[in-house]
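Written below as structure tokens is the structure these notes are about.
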Amino acid sequence: MPITSPFEILKSLDSRFRRNSSGLPVAQAVVDDWIGIGFAINQVPLLAKMDDVSEILPPPATIRVPGAIHWVRGLANIRGNLMPVLDMNAFLFGKPTEVRKESRVLIIGKLGVVAALLVDEVFGLRRFKPEEQQPENAPDVGSLGPYLNGVFVDQIRSWNVFSVEKLARADTFLRVV
């Protein structure tokens with residue numbers, strides 16, 4: 001029996017492993033899903049980016065602010081922070097939200113604007129592939145149009161993408177007195 005050196009054994013193992021290996025996996029770019037919060041204003045289904053909504057709560061008790069515009073419901077103490085509660089239905093469509101058990105407030109903090117947005121109801125998380133977003137807005141959205149960024153469609157409905165950033169930049173939204 002021939003005596004082989006440890007180097008020869010390693011060389012033999014190396015060549016055998018190289019013949020039988022399948023190679024390293026190819027790295028593929030991972031595309032994150034677009035995740036949003038589904039909600040409704042005036043029965044229009046909307047989505048806001050998950051990053052734009054910090055909390056969802058039942059409507060809090062408010063204190064009316066004298067001289068404030070009609071869609072400012074008032075100020076509320078939310079977790080020790082004094083925050084305006086803004087009625088989105090009244091702001092966008094001119095009629096106040098009828099607060100029901102499904103009504104919620106979305107806490108936003110964008111571009112220095114921190115507020116609680118009163119909406120009809122919240123449907124929870126929705127997940128889409130970014131390439132599924134269609135750039136055109138759904139028809140018949142009325143005064144929501146300037147605050148929308150396209151639409152996603154799932155098996156149930158079309159979801160208009162609501163831009164909290166566009167809302168926070170709008171002069172009509174920032175003028176509350």
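All residue names refer to the structure tokens as shown: chains lettered A, B, ... in order, residues numbered from 1 in each chain, ligands numbered from 1 in order.
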Do you have, as JSON lines, the list of residues of stretch 2-74 of chain A lying at most 10 Å from stretch 92-105 of chain A, each with its nearest atom pair and that distance in Å to one decimal, counting only C-alpha atoms and ordered by chain then number?
```
{"residue": "A:Phe39", "atom": "CA", "partner": "A:Arg104", "partner_atom": "CA", "distance": 9.0}
{"residue": "A:Ala40", "atom": "CA", "partner": "A:Ser103", "partner_atom": "CA", "distance": 9.4}
{"residue": "A:Ile41", "atom": "CA", "partner": "A:Thr97", "partner_atom": "CA", "distance": 8.6}
{"residue": "A:Asn42", "atom": "CA", "partner": "A:Phe93", "partner_atom": "CA", "distance": 7.7}
{"residue": "A:Val53", "atom": "CA", "partner": "A:Val105", "partner_atom": "CA", "distance": 9.9}
{"residue": "A:Glu55", "atom": "CA", "partner": "A:Val105", "partner_atom": "CA", "distance": 8.2}
{"residue": "A:Ile56", "atom": "CA", "partner": "A:Val105", "partner_atom": "CA", "distance": 5.7}
{"residue": "A:Leu57", "atom": "CA", "partner": "A:Val105", "partner_atom": "CA", "distance": 5.3}
{"residue": "A:Pro58", "atom": "CA", "partner": "A:Arg104", "partner_atom": "CA", "distance": 4.6}
{"residue": "A:Pro59", "atom": "CA", "partner": "A:Arg104", "partner_atom": "CA", "distance": 5.4}
{"residue": "A:Pro60", "atom": "CA", "partner": "A:Val105", "partner_atom": "CA", "distance": 8.2}
{"residue": "A:His70", "atom": "CA", "partner": "A:Pro96", "partner_atom": "CA", "distance": 8.5}
{"residue": "A:Trp71", "atom": "CA", "partner": "A:Pro96", "partner_atom": "CA", "distance": 7.1}
{"residue": "A:Val72", "atom": "CA", "partner": "A:Pro96", "partner_atom": "CA", "distance": 9.9}
{"residue": "A:Arg73", "atom": "CA", "partner": "A:Pro96", "partner_atom": "CA", "distance": 9.2}
```
Using only C-alpha atoms, which residues sit within 7 Å of stretch 130-139 of chain A once same-chain residues fewer than 3 positions away are excluded, as a ChimeraX atom specification?
/A:33-34,148-152,160
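Reported to one decimal place, the separation of atom CA of A:Gln43 from atom CA of A:Gly112 is 28.4 Å.
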Give me, as number ranges by chain, the residues of chain A that a backbone DSSP run labels strand (DSSP E or B).
A: 34-41, 44-49, 53-57, 63, 72-78, 81-87, 104-110, 113-119, 121-128, 134, 148-153, 158-162
Which residues are near A:Gly124? Cut-off 9 Å, only C-alpha atoms, ignore same chain within fewer than 5 positions. Put them as a list in words.
Gly36, Ile37, Gly38 and Phe39 of chain A
Those selected residues, please, written with C-alpha atoms and delivered as a PDB file, in the first residue's frame.
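So out.pdb came out as:
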```
ATOM      1  CA  GLY A  36     -49.576  50.412   4.355  1.00  0.00           C
ATOM      2  CA  ILE A  37     -52.487  50.978   6.696  1.00  0.00           C
ATOM      3  CA  GLY A  38     -55.893  50.608   5.054  1.00  0.00           C
ATOM      4  CA  PHE A  39     -58.545  53.096   6.140  1.00  0.00           C
TER       5      PHE A  39
END
```
Which residue is closest to A:Lys110? Choose from A:Thr62, A:Ser54, A:Asn77, A:Gln155 and count only C-alpha atoms.
A:Ser54
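Separating atom CA of A:Ala61 from atom CA of A:Phe162 is a distance of 25.7 Å.
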Could you please determine the separation between atom CA of A:Met88 and atom CA of A:Arg64 in Å, to one decimal place?
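Those two atoms sit 16.2 Å apart.
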Just want the 10 Å neighbourhood of A:Leu82, counted on only C-alpha atoms, with same-chain residues fewer than 5 positions away dropped. Output as a ChimeraX atom specification.
/A:75-77,114-115
Selection export as a CSV table (one decimal), in the first residue's frame, atoms kept: C-alpha atoms:
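Result went into part_9.csv, see below:
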```
chain,number,residue,atom,x,y,z
A,75,LEU,CA,-57.2,69.1,21.4
A,76,ALA,CA,-56.6,65.8,23.1
A,77,ASN,CA,-54.1,64.5,25.6
A,114,VAL,CA,-48.0,66.0,14.5
A,115,ALA,CA,-51.7,65.4,14.6
```
Determine, counting only C-alpha atoms, which protein, DNA and RNA residues have an atom within 9 Å of an atom of stretch 169-176 of chain A; residues of the same chain fewer than 6 positions away are not included. Present the result as a list in words.
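Listed by chain and then number, they are Gly67, Ala68, Ile69, His70, Trp71, Val72, Phe91, Leu111, Val113 and Tyr147 of chain A.
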Taking only C-alpha atoms into account, name the residue in A:Leu10, A:Val85, A:Ile35, A:Ala168 that is nearest to A:Gly109.
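When distances to A:Gly109 are compared using only C-alpha atoms, the smallest one comes from A:Ala168.
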DSSP helix (DSSP H, G or I) residues within stretch 60-124 of chain A, listed as a PyMOL selection string:
chain A and resi 88-93
Would you output that residue set with N, CA and C atoms, as a compact mmCIF listing (two decimals), in the first residue's frame?
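Result file follows (selection.txt):
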```txt
# COMPACT_ATOMS: atom_id res chain seq x y z
N MET A 88 -60.96 64.45 9.15
CA MET A 88 -60.58 64.40 7.74
C MET A 88 -61.79 64.47 6.81
N ASN A 89 -62.91 63.92 7.22
CA ASN A 89 -64.11 63.99 6.39
C ASN A 89 -64.58 65.45 6.27
N ALA A 90 -64.56 66.17 7.38
CA ALA A 90 -64.95 67.59 7.36
C ALA A 90 -63.94 68.42 6.57
N PHE A 91 -62.66 68.11 6.70
CA PHE A 91 -61.62 68.84 5.97
C PHE A 91 -61.76 68.65 4.46
N LEU A 92 -61.93 67.40 4.04
CA LEU A 92 -61.92 67.08 2.61
C LEU A 92 -63.28 67.20 1.92
N PHE A 93 -64.35 66.88 2.65
CA PHE A 93 -65.67 66.82 2.01
C PHE A 93 -66.69 67.78 2.63
```
Measuring between only C-alpha atoms, which one of A:Ile9, A:Leu125, A:Ile108, A:Leu118 shows the shortest distance to A:Trp159?
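Under the stated criterion, the closest residue is A:Leu125.
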